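Notes follow the structure.
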Amino acid sequence: MTPSSPDALVPADRDGDNEIAVALSGITKRFPGVVANDDISLQFRRGEVHALLGENGAGKSTLMSILSGMQRPDSGRIEVAGRTVAIGSPAAALRLGIGTVYQHVLLVPSLTVIENLMLGAPWWRRCDRKATLARFDELRDLLSTKLEPDAPVGRLSLGEQQQVEIMRALWHGEFVVILDEPTSMLTPQGVEELGTVIRRLRDHGVAIVFITHKLKEAYDLADRISVLRLGKVVGSLAPDDLRRRSEKEVIDAVIAMIFGRAQEDAGLKDTLLGSAHKAGERAALAKDLPPRLVVEGASTLASRGECPLTGASLEIRPGEVLGIAGVDGNGQKHLAEALAGQRQLSAGRIELDGDSIQDLDVIARRAKGVRYITDERLDEGTAAHHSLAVNLVIKEIGKDPFWQQGITKWGKILGHAREKIESHDIRTPSARTAIGKLSGGNIQKALLAREWSPDATLVIFNKPTYGLDLQNTLRARAWIRGGAGAPGAAIVVISNELDELLDVSHRIAVMNGGRIVGTVEVKPGAEVEIGRLMTGADSAPAGGDEAGQQTR
Amino acid sequence: MEALFTETFIAAFIFGAVTAGIPLLLAGLGEQVSEKAGVLNIGLEGMMLVGAYVGFVVAYLADSFFLGFLAGGLAGLATALIMVLLCVYWSMNQIVVGIAITLGAEGLTALHHHFQFARSYPRLPKAETLAIPGLSELPYVGEALFHRNGLVYLAIALAFGLLWVFRRSQFGLNLQAAGDKPAALDAAGVSVKGTRSAAVLITGFLAGTGGAYMSTVGAGLFLPFMTGGAGFIAIVLAMLARGHPLWVLFGAFLFGASLALTTALQVAGINIPTDVIQMLPFAMVILVLIVFARHSYLPPALGLPYHRGER
Amino acid sequence: MTGRQLQSLLGGLARVLLPVALALIAGAVLLLLLGKDPLAYYGYVIKRGLLSPTGLQASITRTIPLLTIAAGLIVAFRAGLWNLGVDGQFLLAAVCVAALAPALVTVMPVLPAILICFVVAFAVGALWSLIPALLKARHGINEIISTLMMSFLGVSLANVLIKIPFNDPTTTVPQTATLPVEDRLLRLGDTTIPCGILIALAAVLLVHVMMERTSLGMKLQIVGANPRAARHAGLNLQRLTVVAFALSAGLAGLAGALDVLGVHGTIRADWNPAYGILVIPLVFLARFNGYAVIAFVFFFAVLMIGGESAARRLGVPNFFVLVLVALLMIFFAVTEYLDQRRRSRLGV
């Protein structure tokens with residue numbers, strides 16, 4: 001993507017408005033306790049890239065799921081090619097020519113590319129490979145990709161899997177394609193390639209709906225931008241508007257739409273733009289102290305579908321924040337688990353403050369000051385049906401003062417919970433509320449509260465702001481940037497959002513295929529270097545070798 | 001010891017192995033279809049039992065083995081409907097419902113049998129057989145393998161048939177997707193619930209037919225609880241077969257052989273207590289589980305109900 | 001009590017009693033279809049099982065093994081483990097104790113003999129769960145199948161033991177040597193209820209307290225709630241799985257000892273009361289709460305005793321109880337489902 005080239009901004013001949021493919025009027029959708037979509041009216045036109053911009057929680061996913069047939073609106077009207085329709089199921093959406101490319105790829109890993117594309121044909125038929133291949137070839141030319149039809153999907157890279165999804169979205173007629181946060185799983189090069197594909201499709205006459213929370217992306221790719229906030233459309237920028245204004249003017253306009261006034265908060269702007277460089281605001285590092293954390297040649301065993309570590313090495317100095325960049329599925333999860341003690345090394349060593357810790361288990365490492373905030377908040381980080389109070393002490397079961405001689409001291413546990421609720425501003429009806437009922441942001445606050453310790457020696461953050469709204473995202477990043485409340489600790493931040501890492505880290509290590517392929521100091525120009533290092537990652541399979549091995 | 005290697009013994013042994021193996025084969029193939037689609041069907045034993053009873057009664061009253069098989073299959077299918085409604089559509093715990101179905105089937109069949117037949121204990125005549133010309137004259141295996149009731153041949157053909165279905169049909173693709181990643185199937189526009197329902201109903205039909213074979217052909221009568229754990233053995237077979245129907249075929253006859261050992265040994269005049277022999281199949285299962293512990297594979301979405309759009 | 005508390009109490013009661021009522025009604029319909037009078041049946045069951053002094057004592061006595069097994073199931077289910085092997089564990093331990101006790105009482109006083117038998121029974125039960133426990137802990141093998149197989153195996157093995165090594169040569173029917181009445185568990189006062197009832201009650205209450213108020217209980221709860229979170233929290237899943245199985249199966253074994261030493265004094269071949277499977281839905285209905293379990297198990301014991309009597313007098317065979325149990329489970333699952341739907345609709 002070359003934003004400085006004017007061609008990227010000016011859509012190919014557009015005089016007057018294009019034909020409307022899908023029109024939404026007054027769409028409203030409620031969930032218990034929240035109005036996800038509030039009286040939304042939008043039009044999506046053929047041959048136009050229409051970006052829906054908004055932070056997490058703004059209602060974009062709900063709108064998308066209504067268009068793709070996964071949900072039905074409570075009220076409002078949907079018109080497709082001028083006809084009022086009800087999109088009752090994904091099958092109905094596909095029949096109407098509306099295809100969706102989901103953020104988390106929805107393909108069957110144990111089937112091949114062509115088999116995944118065959119899904120959806122009437123169930124009583126035998127597989128019609130010839131006809132499917134014919135259409136596959138057509139679309140392959142349109143998209144100009146190099147996909148092989150008989151490759152097991154589980155072995156493709158995330159970028160390639162996304163291409164398969166785009167094919168599926170176009171399968172029944174190239175009418176409307178919805179892309180839900182498509183760049184979150186791509187390398188910078190992959191993002192560029194995606195941009196090329198999108199422009200090709202647009203010029204072909206497809207109506208493209210592009211959902212994102214990154215203003216820069218929307219600006220680079222879209223002909224039209226609509227901004228959502230708290231379930232409502234708070235403003236739109238039409239194609240001529242976008243063409244006329246400069247990048248800065250667009251940013252200001254969007255911010256004005258979101259907050260109703262001009263905002264001088266640079267942090268907000270930068271986060272919205274997805275381009276934050278705070279080289280000046282990080283704590284200065286003492287350059288001559290020995291490293292706190294040393295990892296050398298760490299390898300783990302492959303497990304189903306996950307990429308193992310294959311000789312990863314890194315070093316972190318006291319007080320330093322090391323970002324781990326890389327597309328999902330390059331060993332990041334194994335790295336986090338290996339550091340935390342959840343996963344044993346099959347080779348290599350880990351040293352903390354000079355002591356070898358690779359044979360210590362989770363509890364023993366915690367005693368040495370290791371803290372791990374997992375990315376899977378509900379699936380791994382908490383027991384969703386247990387209370388907030390219990391979850392706050394879940395890593396201390398059996399220990400003083402919460403347990404004495406094996407007996408549970410509920411008074412102490414509840415008291416501890418009340419303290420944490422206060423100090424970390426966790427919004428919850430009570431300390432006894434089941435933690436699964438709290439919002440994502442509050443669950444994350446609880447996890448941070450649980451793991452916080454001023455004496456921590458190593459803190460591991462895995463996707464710390466995933467799914468959080470703007471406020472909580474900013475708060476979390478500021479916290480990490482400031483040292484996570486543990487002066488002198490070594491901090492690891494794993495994320496697939498490069499701008500986030502650039503925001504909080506001193507240095508960034510790039511992971512590819514289970515090893516660290518390079519480390520970059522965060523300063524102007526770092527992005528380019530990191531992109532170059534990640535480029536090799538484009539051809540690495542998304543999962544480990546175990547993926548897609550079950551034969552039918 | 002020489003008694004073990006006479007033709008009589010071996011023929012009786014293989015004959016018994018096939019007799020005991022066919023219900024396991026049918027139920028095992030059925031369970032495999034369910035498991036592929038992501039449904040763990042613990043109620044298999046109950047479905048077999050219902051099929052055994054209804055199949056027996058219909059075969060007795062209508063004087064037709066074919067109708068007995070059909071009725072048994074339909075009875076199993078009807079029982080599976082409960083699973084479809086409660087587990088696939090209402091997403092209730094598959095294990096609780098499965099146990100309930102088994103207990104209920106045990107109780108209902110025993111109850112009804114008590115009131116209808118406990119005094120008379122009717123027996124069926126020997127089932128018709130179909131001889132495959134030429135092959136049925138082979139020594140040792142001729143009678144045992146090639147001079148059997150038609151359902152035997154059908155069941156074996158079914159194993160190969162399912163192989164084709166799993167690999168080359170749209171339905172097979174749908175099954176695979178439903179068990180591996182149901183959200184992907186939904187996104188492709190295919191009903192996950194519909195696919196799973198079909199799978200469970202097929203399982204019920206096959207299990208019921210297997211049960212009917214057990215009572216009508218295998219024993220010639222019905223006794224309460226007569227399936228004696230065969231349904232659970234079939235579940236193990238399906239789990240260990242890793243999605244390959246031919247492994248179910250192999251395993252069914254292996255376990256059938258251990259079940260048939262009692263009668264065969266009696267024929268040979270060797271006297272080992274029945275209870276020790278009865279331990280054999282279950283001991284074998286445990287042994288197989290221990291030896292092949294690392295190799296059993298279950299679809300990722302097994303046992304998990306599918307909710308569209310769930311976080 | 002505030003209005004809201006009252007409402008939630010009534011709601012809780014409804015969730016518990018509704019499945020029972022529905023099951024009884026469905027059972028009544030079944031009885032009608034079989035040509036029997038449901039009111040007469042249920043009335044007879046209550047009369048014989050609860051209201052008559054001998055019946056009541058028999059019901060309380062029947063509660064002993066049921067409750068002890070239920071205690072074991074609470075441990076297993078709360079730890080997320082399906083210990084469906086309780087019948088095999090029960091029978092095998094019972095048979096071992098039935099053989100051991102008569103031999104022991106000839107060489108030592110009754111009390112230590114009985115205590116040793118308890119320990120042996122617990123150990124036999126726990127050992128019988130070791131294979132499924134390890135298969136699950138080390139290889140993730142589904143324990144439903146492995147425990148069921150061990151159960152079938154255990155029942156057959158128990159029979160072999162009765163018929164061959166432990167057989168009492170002095171009786172015509174194959175059974176173990178009979179423990180003399182004076183050496184069995186003491187009765188309470190001048191009832192026919194063995195003091196084993198106290199042990200059974202203690203077992204359930206201790207399990208309840210352990211789960212709610214100890215660190216081991218909390219660990220097991222977390223393992224049952226979310227094994228991944230347990231691993232994240234640094235809990236040793238393998239060890240906890242084996243421990244939970246051992247406790248659960250040990251209690252099932254203890255139930256066998258209590259039954260033999262307190263009631264029968266001997267085990268006949270081909271005897272398998274299958275208490276375990278019958279108790280499973282009760283534990284679910286009680287939502288794993290110790291006090292509720294006691295209530296449900298007692299109600300069920302009344303049903304069993306009354307039902308056995310009714311089988312003889314009214315010609316309704318005991319298979320009917322199996323059907324009632326199945327109906328209970330189904331209606332329980334349905335009520336839970338409808339309750340969940342109601343809650344999510346209200347956004348609770």
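Following the order of the structure tokens, first chain is A, next is B, and so on, with residues numbered from 1 inside each chain and ligands from 1 in the order they appear.
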| message | Could you work out which residues of chain B fall inside 9 Å of chain C? Count only C-alpha atoms, and format the result as a PyMOL selection string. | response | chain B and resi 42+86+90-93+95-97+99-112+114-115+228-229+232-233+235-236+273-276+278-283+285-286+289-290+293-294+296
| said: Contacts from chain A to chain B, 9 Å maximum, only C-alpha atoms: show me the residue list as JSON, numbers by chain. | reply: {"A": [65, 68, 69, 70, 71, 89, 90, 91, 92, 93, 94, 95, 100, 105, 106, 107, 108, 109, 110, 111, 115, 116, 117, 118, 119, 120, 121, 122, 123, 124, 125, 126, 127, 128, 168, 550, 551, 552]}
Restrict the selected residues to N, CA and C atoms and save them as a CSV table (one decimal), in the first residue's frame.
```
chain,number,residue,atom,x,y,z
A,65,SER,N,-22.8,-9.3,11.1
A,65,SER,CA,-23.5,-10.6,11.2
A,65,SER,C,-24.9,-10.5,10.7
A,68,SER,N,-24.6,-10.9,7.0
A,68,SER,CA,-24.1,-12.2,6.5
A,68,SER,C,-25.1,-13.3,6.9
A,69,GLY,N,-26.2,-13.0,7.6
A,69,GLY,CA,-27.2,-13.9,7.9
A,69,GLY,C,-27.0,-14.7,9.2
A,70,MET,N,-26.0,-14.3,10.0
A,70,MET,CA,-25.8,-15.0,11.2
A,70,MET,C,-26.8,-14.5,12.3
A,71,GLN,N,-27.2,-13.3,12.1
A,71,GLN,CA,-28.2,-12.7,13.1
A,71,GLN,C,-29.3,-12.1,12.3
A,89,SER,N,-30.4,-16.6,7.1
A,89,SER,CA,-29.4,-17.6,7.4
A,89,SER,C,-28.2,-17.3,6.5
A,90,PRO,N,-27.1,-17.8,6.9
A,90,PRO,CA,-25.9,-17.7,6.0
A,90,PRO,C,-26.2,-18.2,4.5
A,91,ALA,N,-27.0,-19.2,4.5
A,91,ALA,CA,-27.4,-19.7,3.1
A,91,ALA,C,-28.2,-18.7,2.4
A,92,ALA,N,-29.1,-18.0,3.0
A,92,ALA,CA,-29.9,-17.0,2.4
A,92,ALA,C,-29.0,-15.8,1.9
A,93,ALA,N,-28.0,-15.4,2.7
A,93,ALA,CA,-27.1,-14.4,2.3
A,93,ALA,C,-26.3,-14.8,1.1
A,94,LEU,N,-25.8,-16.0,1.1
A,94,LEU,CA,-25.0,-16.5,-0.1
A,94,LEU,C,-25.9,-16.5,-1.3
A,95,ARG,N,-27.1,-16.9,-1.2
A,95,ARG,CA,-28.0,-17.0,-2.3
A,95,ARG,C,-28.3,-15.6,-2.9
A,100,THR,N,-19.2,-13.2,2.8
A,100,THR,CA,-18.5,-12.6,4.0
A,100,THR,C,-17.2,-13.3,4.1
A,105,VAL,N,-10.9,-16.8,10.3
A,105,VAL,CA,-11.2,-17.6,9.2
A,105,VAL,C,-12.1,-18.8,9.5
A,106,LEU,N,-13.2,-18.9,8.7
A,106,LEU,CA,-14.1,-20.0,9.0
A,106,LEU,C,-14.0,-21.0,7.9
A,107,LEU,N,-13.0,-21.8,7.9
A,107,LEU,CA,-12.8,-22.9,7.0
A,107,LEU,C,-12.5,-24.2,7.7
A,108,VAL,N,-12.8,-25.3,7.1
A,108,VAL,CA,-12.6,-26.6,7.8
A,108,VAL,C,-11.2,-27.0,7.6
A,109,PRO,N,-10.4,-27.0,8.7
A,109,PRO,CA,-8.9,-27.3,8.5
A,109,PRO,C,-8.6,-28.7,7.9
A,110,SER,N,-9.5,-29.7,8.2
A,110,SER,CA,-9.1,-31.0,7.7
A,110,SER,C,-9.6,-31.3,6.3
A,111,LEU,N,-10.2,-30.3,5.7
A,111,LEU,CA,-10.6,-30.5,4.2
A,111,LEU,C,-9.7,-29.7,3.4
A,115,GLU,N,-12.4,-28.8,-1.4
A,115,GLU,CA,-13.5,-29.4,-0.7
A,115,GLU,C,-14.3,-28.3,0.1
A,116,ASN,N,-13.5,-27.4,0.7
A,116,ASN,CA,-14.2,-26.3,1.4
A,116,ASN,C,-15.1,-25.5,0.5
A,117,LEU,N,-14.6,-25.3,-0.7
A,117,LEU,CA,-15.4,-24.5,-1.7
A,117,LEU,C,-16.6,-25.3,-2.1
A,118,MET,N,-16.5,-26.6,-2.0
A,118,MET,CA,-17.7,-27.4,-2.5
A,118,MET,C,-18.8,-27.4,-1.4
A,119,LEU,N,-18.4,-27.1,-0.2
A,119,LEU,CA,-19.4,-27.1,0.9
A,119,LEU,C,-20.5,-26.1,0.5
A,120,GLY,N,-21.8,-26.5,0.6
A,120,GLY,CA,-22.9,-25.7,0.3
A,120,GLY,C,-23.7,-26.2,-0.9
A,121,ALA,N,-23.1,-27.1,-1.6
A,121,ALA,CA,-23.9,-27.7,-2.7
A,121,ALA,C,-24.9,-28.6,-2.1
A,122,PRO,N,-26.0,-29.0,-2.8
A,122,PRO,CA,-27.0,-29.8,-2.2
A,122,PRO,C,-26.5,-31.1,-1.7
A,123,TRP,N,-26.9,-31.6,-0.5
A,123,TRP,CA,-26.3,-32.6,0.2
A,123,TRP,C,-26.4,-34.0,-0.5
A,124,TRP,N,-27.4,-34.1,-1.3
A,124,TRP,CA,-27.6,-35.5,-1.9
A,124,TRP,C,-26.7,-35.8,-3.1
A,125,ARG,N,-26.0,-34.8,-3.5
A,125,ARG,CA,-25.2,-35.0,-4.7
A,125,ARG,C,-23.8,-35.7,-4.4
A,126,ARG,N,-23.2,-36.2,-5.3
A,126,ARG,CA,-21.8,-36.6,-5.2
A,126,ARG,C,-21.0,-35.3,-5.5
A,127,CYS,N,-19.8,-35.3,-5.0
A,127,CYS,CA,-19.0,-34.1,-5.2
A,127,CYS,C,-18.7,-33.9,-6.6
A,128,ASP,N,-19.0,-32.7,-7.1
A,128,ASP,CA,-18.8,-32.4,-8.5
A,128,ASP,C,-17.5,-31.6,-8.6
A,168,ARG,N,-14.7,-17.9,-1.7
A,168,ARG,CA,-16.0,-18.4,-1.3
A,168,ARG,C,-17.0,-17.3,-1.3
A,550,GLN,N,-5.8,-35.3,10.0
A,550,GLN,CA,-6.8,-36.4,10.1
A,550,GLN,C,-7.3,-36.7,8.7
A,551,THR,N,-7.2,-37.9,8.3
A,551,THR,CA,-7.8,-38.3,7.0
A,551,THR,C,-9.2,-38.7,7.2
A,552,ARG,N,-10.0,-38.6,6.2
A,552,ARG,CA,-11.4,-38.9,6.4
A,552,ARG,C,-11.7,-40.4,6.2
```
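CA of Val223 in chain C to CA of Leu254 in chain C spans 24.8 Å [interatomic distance, one decimal].
Every chain C residue lying within 8 Å of chain A, based on only C-alpha atoms, is listed here: Arg213, Thr214, Ser215, Leu216, Met218, Lys219, Ile222, Ala225, Asn226, Arg228, Ala229, Arg231, His232, Ala233, Gly234, Ser344, Arg345, Leu346 and Gly347 of chain C.
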Export C-alpha atoms of the chosen residues as a PDB file, in the first residue's frame?
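Listing of part_34.pdb after writing:
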```pdb
ATOM      1  CA  ARG C 213     -14.309 -25.108  52.056  1.00  0.00           C
ATOM      2  CA  THR C 214     -10.961 -26.642  51.377  1.00  0.00           C
ATOM      3  CA  SER C 215      -8.186 -25.915  48.929  1.00  0.00           C
ATOM      4  CA  LEU C 216      -8.422 -29.428  47.495  1.00  0.00           C
ATOM      5  CA  MET C 218     -11.429 -25.571  45.139  1.00  0.00           C
ATOM      6  CA  LYS C 219      -8.776 -27.156  42.958  1.00  0.00           C
ATOM      7  CA  ILE C 222     -11.546 -25.397  38.904  1.00  0.00           C
ATOM      8  CA  ALA C 225     -15.062 -25.875  35.539  1.00  0.00           C
ATOM      9  CA  ASN C 226     -12.269 -25.235  33.034  1.00  0.00           C
ATOM     10  CA  ARG C 228      -7.390 -25.042  30.654  1.00  0.00           C
ATOM     11  CA  ALA C 229      -7.788 -22.450  33.360  1.00  0.00           C
ATOM     12  CA  ARG C 231      -3.470 -25.578  33.845  1.00  0.00           C
ATOM     13  CA  HIS C 232      -3.042 -21.821  33.535  1.00  0.00           C
ATOM     14  CA  ALA C 233      -3.328 -21.537  37.290  1.00  0.00           C
ATOM     15  CA  GLY C 234      -0.547 -24.056  37.714  1.00  0.00           C
ATOM     16  CA  SER C 344     -30.626 -15.447  28.834  1.00  0.00           C
ATOM     17  CA  ARG C 345     -33.746 -13.802  27.545  1.00  0.00           C
ATOM     18  CA  LEU C 346     -33.920 -11.697  30.676  1.00  0.00           C
ATOM     19  CA  GLY C 347     -30.236 -10.944  30.371  1.00  0.00           C
TER      20      GLY C 347
END
```
| task | Write down as a ChimeraX atom specification the residues of range 78-192 of chain A whose backbone DSSP state falls under alpha helix (DSSP H). | result | /A:90-95,113-118,129-143,158-170,188-192
Would you mind exporting the chosen residues as a compact mmCIF listing (two decimals), in the first residue's frame, restricted to N, CA and C atoms?
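And here is the file that came out, out05.txt:
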```txt
# COMPACT_ATOMS: atom_id res chain seq x y z
N PRO A 90 -27.06 -17.83 6.86
CA PRO A 90 -25.93 -17.65 5.95
C PRO A 90 -26.25 -18.16 4.54
N ALA A 91 -27.03 -19.22 4.45
CA ALA A 91 -27.39 -19.73 3.12
C ALA A 91 -28.16 -18.68 2.35
N ALA A 92 -29.07 -18.01 3.03
CA ALA A 92 -29.86 -16.97 2.36
C ALA A 92 -28.96 -15.84 1.89
N ALA A 93 -28.01 -15.44 2.72
CA ALA A 93 -27.10 -14.37 2.33
C ALA A 93 -26.31 -14.76 1.09
N LEU A 94 -25.83 -16.01 1.09
CA LEU A 94 -25.04 -16.47 -0.06
C LEU A 94 -25.89 -16.48 -1.32
N ARG A 95 -27.15 -16.92 -1.17
CA ARG A 95 -28.03 -16.96 -2.34
C ARG A 95 -28.26 -15.55 -2.89
N VAL A 113 -8.75 -27.17 -0.04
CA VAL A 113 -9.31 -25.91 -0.52
C VAL A 113 -10.56 -26.18 -1.35
N ILE A 114 -10.43 -27.09 -2.30
CA ILE A 114 -11.56 -27.34 -3.20
C ILE A 114 -12.74 -27.93 -2.45
N GLU A 115 -12.44 -28.78 -1.44
CA GLU A 115 -13.53 -29.36 -0.65
C GLU A 115 -14.26 -28.29 0.15
N ASN A 116 -13.52 -27.36 0.71
CA ASN A 116 -14.15 -26.27 1.44
C ASN A 116 -15.05 -25.46 0.52
N LEU A 117 -14.60 -25.29 -0.72
CA LEU A 117 -15.41 -24.51 -1.65
C LEU A 117 -16.63 -25.30 -2.12
N MET A 118 -16.53 -26.62 -2.05
CA MET A 118 -17.68 -27.43 -2.47
C MET A 118 -18.78 -27.44 -1.42
N ARG A 129 -16.43 -32.35 -8.76
CA ARG A 129 -15.13 -31.72 -8.74
C ARG A 129 -14.91 -30.85 -9.98
N LYS A 130 -15.38 -31.36 -11.10
CA LYS A 130 -15.11 -30.64 -12.35
C LYS A 130 -15.72 -29.24 -12.35
N ALA A 131 -17.00 -29.18 -12.02
CA ALA A 131 -17.67 -27.88 -12.03
C ALA A 131 -17.04 -26.93 -11.03
N THR A 132 -16.72 -27.48 -9.85
CA THR A 132 -16.12 -26.63 -8.83
C THR A 132 -14.76 -26.12 -9.30
N LEU A 133 -13.98 -26.99 -9.91
CA LEU A 133 -12.66 -26.57 -10.39
C LEU A 133 -12.78 -25.47 -11.43
N ALA A 134 -13.79 -25.57 -12.27
CA ALA A 134 -13.98 -24.57 -13.31
C ALA A 134 -14.17 -23.19 -12.68
N ARG A 135 -15.07 -23.12 -11.72
CA ARG A 135 -15.33 -21.85 -11.05
C ARG A 135 -14.09 -21.40 -10.28
N PHE A 136 -13.40 -22.36 -9.68
CA PHE A 136 -12.19 -22.06 -8.94
C PHE A 136 -11.18 -21.37 -9.86
N ASP A 137 -11.01 -21.93 -11.04
CA ASP A 137 -10.05 -21.33 -11.97
C ASP A 137 -10.45 -19.92 -12.36
N GLU A 138 -11.74 -19.73 -12.60
CA GLU A 138 -12.24 -18.38 -12.93
C GLU A 138 -11.83 -17.38 -11.87
N LEU A 139 -12.16 -17.75 -10.61
CA LEU A 139 -11.90 -16.81 -9.53
C LEU A 139 -10.41 -16.66 -9.28
N ARG A 140 -9.67 -17.74 -9.53
CA ARG A 140 -8.24 -17.64 -9.31
C ARG A 140 -7.65 -16.59 -10.23
N ASP A 141 -8.16 -16.56 -11.43
CA ASP A 141 -7.68 -15.54 -12.37
C ASP A 141 -8.10 -14.15 -11.92
N LEU A 142 -9.35 -14.03 -11.49
CA LEU A 142 -9.83 -12.72 -11.07
C LEU A 142 -9.00 -12.18 -9.91
N LEU A 143 -8.71 -13.06 -8.97
CA LEU A 143 -7.99 -12.61 -7.79
C LEU A 143 -6.48 -12.64 -8.01
N LEU A 158 -2.19 -17.94 6.98
CA LEU A 158 -3.43 -17.20 7.23
C LEU A 158 -3.82 -16.34 6.04
N GLY A 159 -2.82 -15.79 5.37
CA GLY A 159 -3.12 -14.97 4.19
C GLY A 159 -3.77 -15.80 3.10
N GLU A 160 -3.24 -17.01 2.90
CA GLU A 160 -3.82 -17.88 1.87
C GLU A 160 -5.21 -18.33 2.26
N GLN A 161 -5.41 -18.62 3.54
CA GLN A 161 -6.75 -19.01 3.98
C GLN A 161 -7.74 -17.89 3.72
N GLN A 162 -7.27 -16.67 3.92
CA GLN A 162 -8.16 -15.54 3.67
C GLN A 162 -8.53 -15.47 2.20
N GLN A 163 -7.58 -15.81 1.34
CA GLN A 163 -7.88 -15.81 -0.10
C GLN A 163 -8.96 -16.83 -0.42
N VAL A 164 -8.90 -17.98 0.24
CA VAL A 164 -9.94 -18.99 0.01
C VAL A 164 -11.29 -18.43 0.44
N GLU A 165 -11.29 -17.74 1.57
CA GLU A 165 -12.54 -17.15 2.02
C GLU A 165 -13.06 -16.12 1.05
N ILE A 166 -12.15 -15.35 0.47
CA ILE A 166 -12.60 -14.35 -0.50
C ILE A 166 -13.22 -15.06 -1.70
N MET A 167 -12.59 -16.15 -2.11
CA MET A 167 -13.17 -16.93 -3.21
C MET A 167 -14.57 -17.40 -2.86
N ARG A 168 -14.70 -17.91 -1.67
CA ARG A 168 -16.02 -18.41 -1.28
C ARG A 168 -17.02 -17.27 -1.28
N ALA A 169 -16.56 -16.10 -0.84
CA ALA A 169 -17.48 -14.96 -0.78
C ALA A 169 -17.95 -14.57 -2.18
N LEU A 170 -17.11 -14.81 -3.18
CA LEU A 170 -17.46 -14.41 -4.55
C LEU A 170 -18.14 -15.52 -5.33
N PRO A 188 2.65 -6.89 6.79
CA PRO A 188 2.53 -5.65 6.01
C PRO A 188 2.46 -5.95 4.51
N GLN A 189 3.23 -6.91 4.06
CA GLN A 189 3.17 -7.23 2.63
C GLN A 189 1.81 -7.83 2.28
N GLY A 190 1.31 -8.66 3.18
CA GLY A 190 0.00 -9.25 2.94
C GLY A 190 -1.07 -8.19 2.86
N VAL A 191 -0.91 -7.16 3.67
CA VAL A 191 -1.89 -6.06 3.64
C VAL A 191 -1.86 -5.39 2.28
N GLU A 192 -0.68 -5.19 1.76
CA GLU A 192 -0.57 -4.57 0.43
C GLU A 192 -1.24 -5.43 -0.62
```
| said: I want to know what sits within 9 Å of Ala274 in chain C, based on only C-alpha atoms, with residues of the same chain fewer than 2 positions away left out; could you give that as a VMD selection string? | reply: chain C and resid 86 to 88 90 to 91 272 276 to 278
Taking N, CA and C atoms for each residue, export the selection above as a PDB file, in the first residue's frame.
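New file out_8.pdb:
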```pdb
ATOM      1  N   VAL C  86     -18.980 -46.842  38.798  1.00  0.00           N
ATOM      2  CA  VAL C  86     -19.263 -47.048  40.218  1.00  0.00           C
ATOM      3  C   VAL C  86     -19.817 -48.439  40.511  1.00  0.00           C
ATOM      4  N   ASP C  87     -20.582 -48.999  39.587  1.00  0.00           N
ATOM      5  CA  ASP C  87     -21.151 -50.318  39.893  1.00  0.00           C
ATOM      6  C   ASP C  87     -20.083 -51.389  39.983  1.00  0.00           C
ATOM      7  N   GLY C  88     -19.115 -51.327  39.070  1.00  0.00           N
ATOM      8  CA  GLY C  88     -18.015 -52.295  39.140  1.00  0.00           C
ATOM      9  C   GLY C  88     -17.190 -52.091  40.394  1.00  0.00           C
ATOM     10  N   PHE C  90     -18.161 -50.785  43.201  1.00  0.00           N
ATOM     11  CA  PHE C  90     -18.981 -51.209  44.334  1.00  0.00           C
ATOM     12  C   PHE C  90     -18.929 -52.723  44.515  1.00  0.00           C
ATOM     13  N   LEU C  91     -19.209 -53.428  43.430  1.00  0.00           N
ATOM     14  CA  LEU C  91     -19.352 -54.874  43.539  1.00  0.00           C
ATOM     15  C   LEU C  91     -18.029 -55.561  43.871  1.00  0.00           C
ATOM     16  N   ASN C 272     -26.197 -58.011  41.068  1.00  0.00           N
ATOM     17  CA  ASN C 272     -25.687 -56.696  40.715  1.00  0.00           C
ATOM     18  C   ASN C 272     -26.810 -55.683  40.838  1.00  0.00           C
ATOM     19  N   GLY C 276     -25.260 -47.629  41.396  1.00  0.00           N
ATOM     20  CA  GLY C 276     -24.536 -46.459  40.904  1.00  0.00           C
ATOM     21  C   GLY C 276     -25.253 -45.723  39.792  1.00  0.00           C
ATOM     22  N   ILE C 277     -25.610 -46.476  38.763  1.00  0.00           N
ATOM     23  CA  ILE C 277     -26.266 -45.850  37.623  1.00  0.00           C
ATOM     24  C   ILE C 277     -27.556 -45.162  38.041  1.00  0.00           C
ATOM     25  N   LEU C 278     -28.259 -45.744  39.007  1.00  0.00           N
ATOM     26  CA  LEU C 278     -29.531 -45.175  39.432  1.00  0.00           C
ATOM     27  C   LEU C 278     -29.335 -43.877  40.205  1.00  0.00           C
TER      28      LEU C 278
END
```
